[in-house]
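Enquirer: So I've got this file, protein_6.cif, and it contains mmCIF, C-alpha atoms:
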```cif
data_entry
#
loop_
_atom_site.label_atom_id
_atom_site.label_comp_id
_atom_site.auth_asym_id
_atom_site.auth_seq_id
_atom_site.Cartn_x
_atom_site.Cartn_y
_atom_site.Cartn_z
CA MET A 1 89.27 37.59 130.02
CA VAL A 2 86.52 34.97 130.28
CA GLU A 3 83.90 35.03 127.54
CA GLU A 4 80.50 36.28 128.62
CA SER A 5 78.85 33.62 126.47
CA ALA A 6 79.46 31.19 129.33
CA ALA A 7 76.90 33.00 131.51
CA ILE A 8 74.55 30.79 133.56
CA GLU A 9 71.08 31.81 134.72
CA HIS A 10 68.67 29.92 136.97
CA LYS A 11 65.14 30.62 138.15
CA ALA A 12 63.51 29.47 141.40
CA TYR A 13 59.81 29.90 142.04
CA ALA A 14 57.85 31.03 145.06
CA ARG A 15 56.42 28.30 147.28
CA ILE A 16 53.01 27.55 148.79
CA GLY A 17 52.67 25.25 151.77
CA LEU A 18 49.43 23.37 151.13
CA LEU A 19 49.19 21.08 154.16
CA GLY A 20 51.19 20.21 157.25
CA ASN A 21 53.08 23.45 157.73
CA PRO A 22 54.72 24.38 160.04
CA SER A 23 55.38 20.79 161.13
CA ASP A 24 58.50 20.57 158.95
CA VAL A 25 60.36 22.28 161.80
CA TYR A 26 58.95 19.71 164.25
CA ASN A 27 59.71 16.33 162.59
CA GLY A 28 56.37 16.29 160.79
CA HIS A 29 55.03 15.95 157.24
CA THR A 30 54.09 18.57 154.68
CA ILE A 31 52.81 18.99 151.14
CA SER A 32 54.07 22.02 149.25
CA PHE A 33 54.38 23.17 145.68
CA SER A 34 56.24 25.76 143.65
CA VAL A 35 54.27 28.65 142.17
CA ALA A 36 54.96 29.98 138.68
CA ASN A 37 53.21 33.29 139.49
CA PHE A 38 56.39 34.60 141.16
CA TRP A 39 60.08 33.81 140.93
CA ALA A 40 63.65 34.89 141.54
CA THR A 41 66.47 34.64 139.00
CA VAL A 42 70.21 34.63 139.53
CA LEU A 43 72.68 35.32 136.75
CA LEU A 44 76.27 34.09 137.01
CA GLN A 45 78.71 35.61 134.52
CA PRO A 46 82.36 34.56 134.43
CA SER A 47 84.62 37.50 135.25
CA ASP A 48 88.17 38.32 136.24
CA ASP A 49 87.20 39.35 139.78
CA LEU A 50 84.53 37.90 142.03
CA LEU A 51 81.72 40.44 142.26
CA ILE A 52 78.26 40.29 143.83
CA LYS A 53 76.17 43.08 142.34
CA PRO A 54 73.55 44.88 144.43
CA HIS A 55 70.06 45.04 142.98
CA PRO A 56 69.05 48.61 141.98
CA ASN A 57 65.78 48.38 143.94
CA HIS A 58 66.21 45.71 146.62
CA ASP A 59 69.71 46.77 147.71
CA PHE A 60 69.04 50.48 147.57
CA VAL A 61 71.78 52.68 149.05
CA LEU A 62 71.10 56.07 147.41
CA PHE A 63 68.38 58.20 149.01
CA SER A 64 66.94 61.64 148.33
CA SER A 65 66.70 62.53 152.02
CA LEU A 66 66.84 61.17 155.55
CA HIS A 67 63.05 60.84 155.47
CA HIS A 68 63.35 58.75 152.30
CA LEU A 69 65.91 56.48 153.97
CA VAL A 70 63.83 55.94 157.10
CA ASN A 71 60.63 55.35 155.12
CA ARG A 72 62.46 52.82 152.98
CA LEU A 73 63.69 50.91 156.03
CA GLN A 74 60.22 50.87 157.56
CA THR A 75 58.64 49.38 154.44
CA GLU A 76 61.46 47.27 152.96
CA GLY A 77 63.73 46.48 155.92
CA TYR A 78 67.49 46.67 156.10
CA TYR A 79 68.46 43.83 153.84
CA GLY A 80 68.24 42.96 150.18
CA GLY A 81 69.56 39.95 148.32
CA VAL A 82 73.30 40.59 148.37
CA ARG A 83 73.69 39.07 151.82
CA LEU A 84 71.82 35.95 150.62
CA LEU A 85 74.19 35.51 147.69
CA MET A 86 77.18 35.97 149.97
CA ALA A 87 75.82 33.43 152.48
CA ILE A 88 75.19 30.68 149.91
CA SER A 89 78.63 31.33 148.42
CA LYS A 90 80.18 30.59 151.81
CA ILE A 91 77.96 27.57 152.54
CA PHE A 92 78.57 26.06 149.09
CA TYR A 93 82.34 26.54 149.34
CA ASN A 94 82.52 25.04 152.83
CA HIS A 95 80.37 22.06 151.85
CA CYS A 96 82.59 21.26 148.89
CA LYS A 97 85.73 21.66 150.99
CA GLN A 98 84.40 19.37 153.74
CA ASN A 99 83.41 16.72 151.20
CA GLN A 100 86.61 16.85 149.13
CA ILE A 101 84.81 18.25 146.09
CA GLN A 102 87.40 20.06 144.00
CA LEU A 103 86.42 23.48 142.64
CA HIS A 104 88.18 25.37 139.87
CA THR A 105 89.51 28.84 140.68
CA ARG A 106 87.78 30.91 137.99
CA ASN A 107 85.81 33.94 139.21
CA PHE A 108 82.33 35.20 138.48
CA THR A 109 79.88 38.07 138.87
CA LEU A 110 76.54 37.32 140.52
CA SER A 111 73.40 39.39 140.07
CA TYR A 112 69.77 38.69 140.89
CA ASP A 113 66.22 39.82 140.29
CA THR A 114 62.92 38.86 141.90
CA ASN A 115 59.22 39.67 141.65
CA ILE A 116 58.17 37.70 144.74
CA PRO A 117 56.20 40.05 147.04
CA ARG A 118 58.12 40.69 150.25
CA GLN A 119 57.00 39.27 153.61
CA THR A 120 54.15 37.25 152.13
CA GLY A 121 55.25 33.81 153.30
CA LEU A 122 56.04 32.83 149.70
CA SER A 123 59.73 32.09 150.35
CA GLY A 124 61.27 34.97 148.45
CA SER A 125 64.62 34.76 150.24
CA SER A 126 65.09 31.04 149.69
CA ALA A 127 64.17 31.43 146.01
CA ILE A 128 67.19 33.71 145.53
CA VAL A 129 69.44 31.29 147.40
CA THR A 130 68.11 28.28 145.48
CA ALA A 131 68.67 29.95 142.11
CA ALA A 132 72.22 30.88 143.14
CA LEU A 133 72.99 27.34 144.30
CA ASN A 134 71.89 25.98 140.93
CA CYS A 135 74.21 28.46 139.22
CA PHE A 136 77.13 27.19 141.33
CA LEU A 137 76.32 23.55 140.58
CA ASP A 138 76.63 24.25 136.86
CA PHE A 139 79.49 26.76 136.95
CA TYR A 140 81.68 24.36 138.92
CA ASN A 141 80.22 21.27 137.17
CA VAL A 142 79.46 19.50 140.46
CA ARG A 143 75.73 18.84 140.08
CA HIS A 144 76.44 15.09 139.97
CA LEU A 145 78.47 15.28 143.20
CA ILE A 146 75.88 16.95 145.45
CA LYS A 147 72.75 14.87 146.02
CA VAL A 148 69.48 16.59 145.35
CA GLU A 149 68.14 15.55 148.79
CA ILE A 150 70.80 17.56 150.63
CA ARG A 151 70.56 20.72 148.53
CA PRO A 152 67.57 22.06 150.52
CA GLN A 153 69.73 21.85 153.66
CA LEU A 154 72.45 23.93 151.98
CA VAL A 155 69.87 26.59 151.14
CA LEU A 156 68.55 26.54 154.71
CA ASN A 157 72.09 26.72 156.11
CA ALA A 158 72.72 29.88 154.11
CA GLU A 159 69.60 31.52 155.52
CA GLN A 160 70.35 30.37 159.06
CA GLU A 161 73.77 31.95 158.63
CA LEU A 162 71.88 35.24 158.48
CA GLY A 163 69.57 34.50 161.41
CA ILE A 164 66.52 33.70 159.28
CA VAL A 165 64.16 31.33 161.12
CA ALA A 166 62.77 28.71 158.75
CA GLY A 167 62.33 25.03 157.99
CA LEU A 168 63.21 22.70 155.14
CA GLN A 169 59.88 22.45 153.33
CA ASP A 170 60.23 25.73 151.41
CA ARG A 171 63.66 24.80 150.15
CA VAL A 172 62.58 21.29 149.17
CA ALA A 173 59.70 22.68 147.10
CA GLN A 174 62.03 25.12 145.37
CA ILE A 175 64.84 22.66 144.72
CA TYR A 176 62.48 19.97 143.41
CA GLY A 177 59.79 22.12 141.84
CA GLY A 178 56.27 20.89 141.28
CA LEU A 179 54.18 19.28 144.03
CA VAL A 180 56.09 17.42 146.75
CA TYR A 181 55.08 15.32 149.74
CA MET A 182 57.72 15.53 152.47
CA ASP A 183 58.45 13.28 155.44
CA PHE A 184 60.60 14.95 158.11
CA SER A 185 60.13 12.31 160.79
CA LYS A 186 62.95 12.14 163.33
CA GLU A 187 64.02 8.61 162.43
CA ARG A 188 64.34 9.63 158.76
CA MET A 189 66.25 12.78 159.57
CA ASP A 190 68.58 11.07 162.04
CA LYS A 191 69.31 8.13 159.73
CA LEU A 192 69.61 9.94 156.40
CA GLY A 193 70.44 13.52 157.35
CA HIS A 194 67.46 14.65 155.29
CA GLY A 195 63.78 13.87 154.82
CA ILE A 196 62.05 11.67 152.27
CA TYR A 197 60.77 13.81 149.41
CA THR A 198 58.19 12.33 147.04
CA PRO A 199 57.12 14.29 143.93
CA MET A 200 53.41 14.16 143.05
CA ASP A 201 51.56 14.87 139.82
CA ILE A 202 50.60 18.57 139.74
CA SER A 203 47.53 17.77 137.61
CA LEU A 204 45.95 16.18 140.70
CA LEU A 205 45.47 19.60 142.30
CA PRO A 206 42.16 21.47 141.95
CA PRO A 207 42.14 25.17 140.93
CA LEU A 208 43.61 27.20 143.77
CA TYR A 209 43.83 30.92 144.45
CA LEU A 210 46.40 33.10 146.14
CA ILE A 211 45.47 36.07 148.30
CA TYR A 212 48.07 38.41 149.70
CA ALA A 213 48.36 41.85 151.22
CA GLU A 214 50.51 44.52 149.64
CA ASN A 215 51.65 45.68 153.10
CA PRO A 216 51.90 42.39 155.05
CA SER A 217 53.26 41.63 158.50
CA ASP A 218 56.69 40.06 158.93
CA SER A 219 56.26 36.32 158.33
CA GLY A 220 59.57 35.54 160.04
CA LYS A 221 58.36 36.25 163.59
CA VAL A 222 55.53 33.75 163.82
CA HIS A 223 57.49 30.66 164.93
CA SER A 224 59.30 32.16 167.95
CA THR A 225 57.27 31.27 171.09
CA VAL A 226 55.86 28.00 169.77
CA ARG A 227 59.32 26.69 168.97
CA GLN A 228 60.51 27.26 172.53
CA ARG A 229 57.39 25.68 174.01
CA TRP A 230 57.91 22.64 171.79
CA LEU A 231 61.53 22.36 172.93
CA ASP A 232 60.32 22.64 176.53
CA GLY A 233 57.99 19.67 175.99
CA ASP A 234 54.70 21.58 176.12
CA LYS A 235 52.11 18.81 175.74
CA PHE A 236 49.53 20.98 173.95
CA ILE A 237 52.03 22.18 171.36
CA MET A 238 53.51 18.73 170.82
CA SER A 239 50.13 17.02 170.37
CA SER A 240 48.84 19.82 168.14
CA MET A 241 51.91 19.66 165.93
CA ILE A 242 51.40 15.91 165.47
CA LYS A 243 47.84 16.66 164.35
CA VAL A 244 49.15 19.24 161.86
CA ALA A 245 51.64 16.72 160.45
CA ASP A 246 48.88 14.11 160.12
CA LEU A 247 46.96 16.51 157.88
CA ALA A 248 49.64 16.09 155.22
CA LEU A 249 49.33 12.31 155.47
CA GLU A 250 45.56 12.51 155.01
CA GLY A 251 45.96 15.19 152.36
CA ARG A 252 48.23 13.04 150.26
CA THR A 253 45.52 10.40 150.03
CA ALA A 254 42.84 13.03 149.37
CA ILE A 255 44.86 14.53 146.51
CA LEU A 256 45.64 11.15 144.97
CA GLU A 257 41.92 10.30 145.08
CA LYS A 258 40.89 13.81 143.99
CA ASP A 259 38.72 14.05 147.10
CA TYR A 260 38.63 17.84 147.09
CA ALA A 261 35.91 18.10 149.74
CA LYS A 262 38.32 16.35 152.10
CA LEU A 263 41.16 18.61 150.95
CA ALA A 264 39.08 21.68 151.80
CA GLN A 265 38.35 20.31 155.26
CA LEU A 266 42.04 19.62 155.88
CA MET A 267 43.11 23.08 154.70
CA ASN A 268 40.72 24.74 157.14
CA LEU A 269 41.78 22.49 159.99
CA ASN A 270 45.45 23.25 159.27
CA PHE A 271 44.86 26.94 159.89
CA ASP A 272 42.65 26.33 162.93
CA LEU A 273 45.36 24.24 164.58
CA ARG A 274 47.99 26.85 163.80
CA ARG A 275 45.79 29.57 165.26
CA SER A 276 45.22 27.60 168.46
CA MET A 277 48.98 27.17 168.94
CA PHE A 278 50.26 30.62 167.97
CA GLY A 279 47.35 32.79 169.08
CA ASP A 280 45.80 35.74 167.28
CA ALA A 281 48.33 38.27 168.55
CA ALA A 282 51.21 36.39 166.95
CA LEU A 283 49.38 35.75 163.68
CA GLY A 284 48.20 39.34 163.29
CA ASP A 285 44.81 40.81 162.45
CA LEU A 286 45.61 41.36 158.78
CA ASN A 287 46.72 37.77 158.26
CA ILE A 288 43.64 36.40 160.01
CA GLU A 289 41.37 38.64 157.94
CA MET A 290 42.80 37.20 154.71
CA VAL A 291 41.76 33.74 155.86
CA GLU A 292 38.35 34.95 157.04
CA VAL A 293 37.60 36.79 153.77
CA ALA A 294 37.69 33.44 151.99
CA ARG A 295 35.83 31.54 154.70
CA ARG A 296 32.99 34.03 154.79
CA ILE A 297 32.03 33.07 151.23
CA GLY A 298 32.39 29.34 151.97
CA ALA A 299 35.89 28.76 150.58
CA ALA A 300 38.68 26.83 152.31
CA SER A 301 41.78 28.83 153.22
CA LYS A 302 45.06 28.69 155.13
CA PHE A 303 48.42 30.43 155.27
CA THR A 304 50.84 29.71 152.43
CA GLY A 305 53.65 29.88 154.96
CA SER A 306 53.75 31.74 158.25
CA GLY A 307 51.73 34.79 157.28
CA GLY A 308 51.34 37.45 154.61
CA ALA A 309 49.41 35.33 152.10
CA VAL A 310 46.82 32.56 152.01
CA VAL A 311 45.98 29.77 149.58
CA VAL A 312 42.28 29.25 148.83
CA TYR A 313 40.16 26.49 147.33
CA CYS A 314 36.64 27.34 146.16
CA PRO A 315 34.52 24.15 146.15
CA GLY A 316 31.59 26.11 144.69
CA GLY A 317 33.37 26.77 141.40
CA SER A 318 33.36 29.92 139.27
CA SER A 319 30.42 31.61 141.01
CA GLN A 320 32.19 31.29 144.35
CA VAL A 321 35.43 32.53 142.81
CA LYS A 322 33.59 35.68 141.70
CA LEU A 323 32.35 36.21 145.26
CA LEU A 324 35.92 35.78 146.48
CA GLU A 325 37.27 38.29 143.98
CA ASP A 326 34.65 40.85 145.01
CA ALA A 327 35.36 40.27 148.71
CA CYS A 328 39.11 40.67 148.19
CA GLU A 329 38.64 43.86 146.21
CA LYS A 330 36.49 45.29 148.98
CA ALA A 331 39.04 44.27 151.64
CA GLY A 332 41.98 45.62 149.65
CA PHE A 333 43.68 42.26 149.07
CA VAL A 334 45.33 41.06 145.88
CA ILE A 335 43.95 37.81 144.44
CA GLN A 336 45.12 35.71 141.51
CA PRO A 337 44.79 32.12 140.27
CA VAL A 338 47.67 29.89 141.36
CA GLN A 339 49.89 28.64 138.55
CA VAL A 340 51.65 25.49 139.76
CA ALA A 341 55.20 25.24 138.42
CA PRO A 342 56.29 21.81 137.18
CA SER A 343 59.30 19.92 138.50
CA ARG A 344 62.65 21.49 137.58
CA LEU A 345 64.82 18.46 138.27
CA THR A 346 67.10 17.38 135.43
CA GLU A 347 68.03 13.79 134.58
CA GLU A 348 71.39 14.46 136.19
CA ASP A 349 69.64 15.63 139.37
CA LEU A 350 67.52 12.49 139.48
CA MET A 351 70.63 10.34 139.13
CA THR A 352 72.02 11.79 142.37
CA GLN A 353 69.02 10.64 144.45
CA SER A 354 69.59 7.91 147.01
#
```
Mind turning this structure into C-alpha cells?
Expert:
Amino acid sequence: MVEESAAIEHKAYARIGLLGNPSDVYNGHTISFSVANFWATVLLQPSDDLLIKPHPNHDFVLFSSLHHLVNRLQTEGYYGGVRLLMAISKIFYNHCKQNQIQLHTRNFTLSYDTNIPRQTGLSGSSAIVTAALNCFLDFYNVRHLIKVEIRPQLVLNAEQELGIVAGLQDRVAQIYGGLVYMDFSKERMDKLGHGIYTPMDISLLPPLYLIYAENPSDSGKVHSTVRQRWLDGDKFIMSSMIKVADLALEGRTAILEKDYAKLAQLMNLNFDLRRSMFGDAALGDLNIEMVEVARRIGAASKFTGSGGAVVVYCPGGSSQVKLLEDACEKAGFVIQPVQVAPSRLTEEDLMTQS
C-alpha cells in the first residue's frame, strides 16, 4: 500500500481575456490574466489501482426521476470533469512516451472540485485539466523535463481530444498565472511550436469588475462560423482579426503606462470588433445585454472569453461602480470585484523556459 501522505493537490484559477481575444486562434496577440475569484482543484492520491473519481455534483448519475435527469441535462449538459481528467491522462502519457520521458509505474486516484460558474467563458474546463497536469508533473517528477511554454498545448490537446473548440490563451494564463501578454504570430508558432508568453506586473491593472449570468449561453459555440470564414480567406474577417490582435499590442503599452482611459477605449473596441464579425445572433441577447448594462452607465466592457461573462472597467470610480452594481441587480446579473491571481510558476518551472 502507498502512503496517503504523498498526496498532491494543485489549484488552477479561472481566466479573463482582457484584450485581443479571440485572435489567439488566428495567429494574433492577447492579454489575459488568472482570476482568484474562482478556481478548480485536483487531488492526486497514490493508490494500488488507478481510479478517477466522479464528482458528486458535476458527474451526477443518480436521479430521483426521469424529469430530474432531463432537467439536469438541460441545465448542466452531459459531461462533468471525469472525461477531462481521462483526456489529460492520455495526452500526458503519450507526450512522455513520444519524448522518451520515463514514467514510474505507481498508480493513483484522481479527484477534482471546482467553483467556476459553468458556461461563463471563464475557462472552467481548462482549469481542471491544468490542475491535473500539474499533479502529474509532480507525481512523476518530470516538471524539469516538460517546458512551461508547451504545457498550455498539452492542456489544449486534452480538450480537443473531447471536441472542445478553444485556443491557447486560456491555457497560457492558467499555466503561468498572473497577467500575461501573448504573441501567437504564425512565424513564432511555426518556428517554436508555441507562442511567446511575457508575464506582466499585476499591480499595473486598474480595479476591474466581473459580471456574469447565472444561466448563460454556451460559450463554446461562438467561434464556429467565423473560423470557417477565416480559413476560407474572408477579407473582412481576416482584416478584423488583425485589428483585434493589434488591440493587445496597444493595450500592453497602455497598461505599462497606466493609461487607463486608453485601456477603456481598447476594451470597448475589442467587443465592437467581435460583434461585427460574429453577429448578434451568434453572440446572444443575454451576452450582449451584459456588455450594454455596463456601457449604459459609462463603463468599458467586453467578453471575458466567448460569452457568458464580461469584464468591466469603471473610469468614474466608486460612484460609477455603485451605478453598475444597481444596474446589474436590476438586470439580474451577478457582479463582483476581480481578484487577479499572481503568477504560480515555480523556480523549477522558470528554469525550463527557452
Enquirer: Could you list, as a PyMOL selection string, every residue within 12 Å of Thr114 in chain A, counting only C-alpha atoms and ignoring same-chain residues fewer than 5 positions away?
Expert: chain A and resi 10-14+37-43+55-59+80-81+123-129+131
Enquirer: Pick out the residues sitting within 9 Å of Tyr260 in chain A, and hand them over as a list in words; count all atoms listed in the file, and ignore anything fewer than 3 positions along from it in its own chain.
Expert: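 Returned residues: Leu205, Pro206, Ala254, Ile255, Glu257, Leu263, Ala264, Gln265, Tyr313 and Pro315 of chain A.
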Enquirer: Ranking A:Asp48, A:Gly28, A:Asp232, A:Gln320 by minimum distance to Arg188 in chain A and counting all atoms listed in the file, which one comes first?
Expert: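 The shortest atom-to-atom distance to Arg188 in chain A comes from A:Gly28.
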Enquirer: List the residues sitting within 7 Å of (59.1, 16.8, 139.0) in the file's frame, using only C-alpha atoms, as a list in words.
Expert: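 The residues that fall inside the cut-off are Tyr176, Gly177, Gly178, Pro199, Pro342, Ser343, Arg344 and Leu345 of chain A.
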Enquirer: Go ahead and compute the interatomic distance for CA of Met241 in chain A and CA of Tyr197 in chain A, in Å to one decimal.
Expert: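 Rounded to one decimal, the two atoms are 19.6 Å apart.
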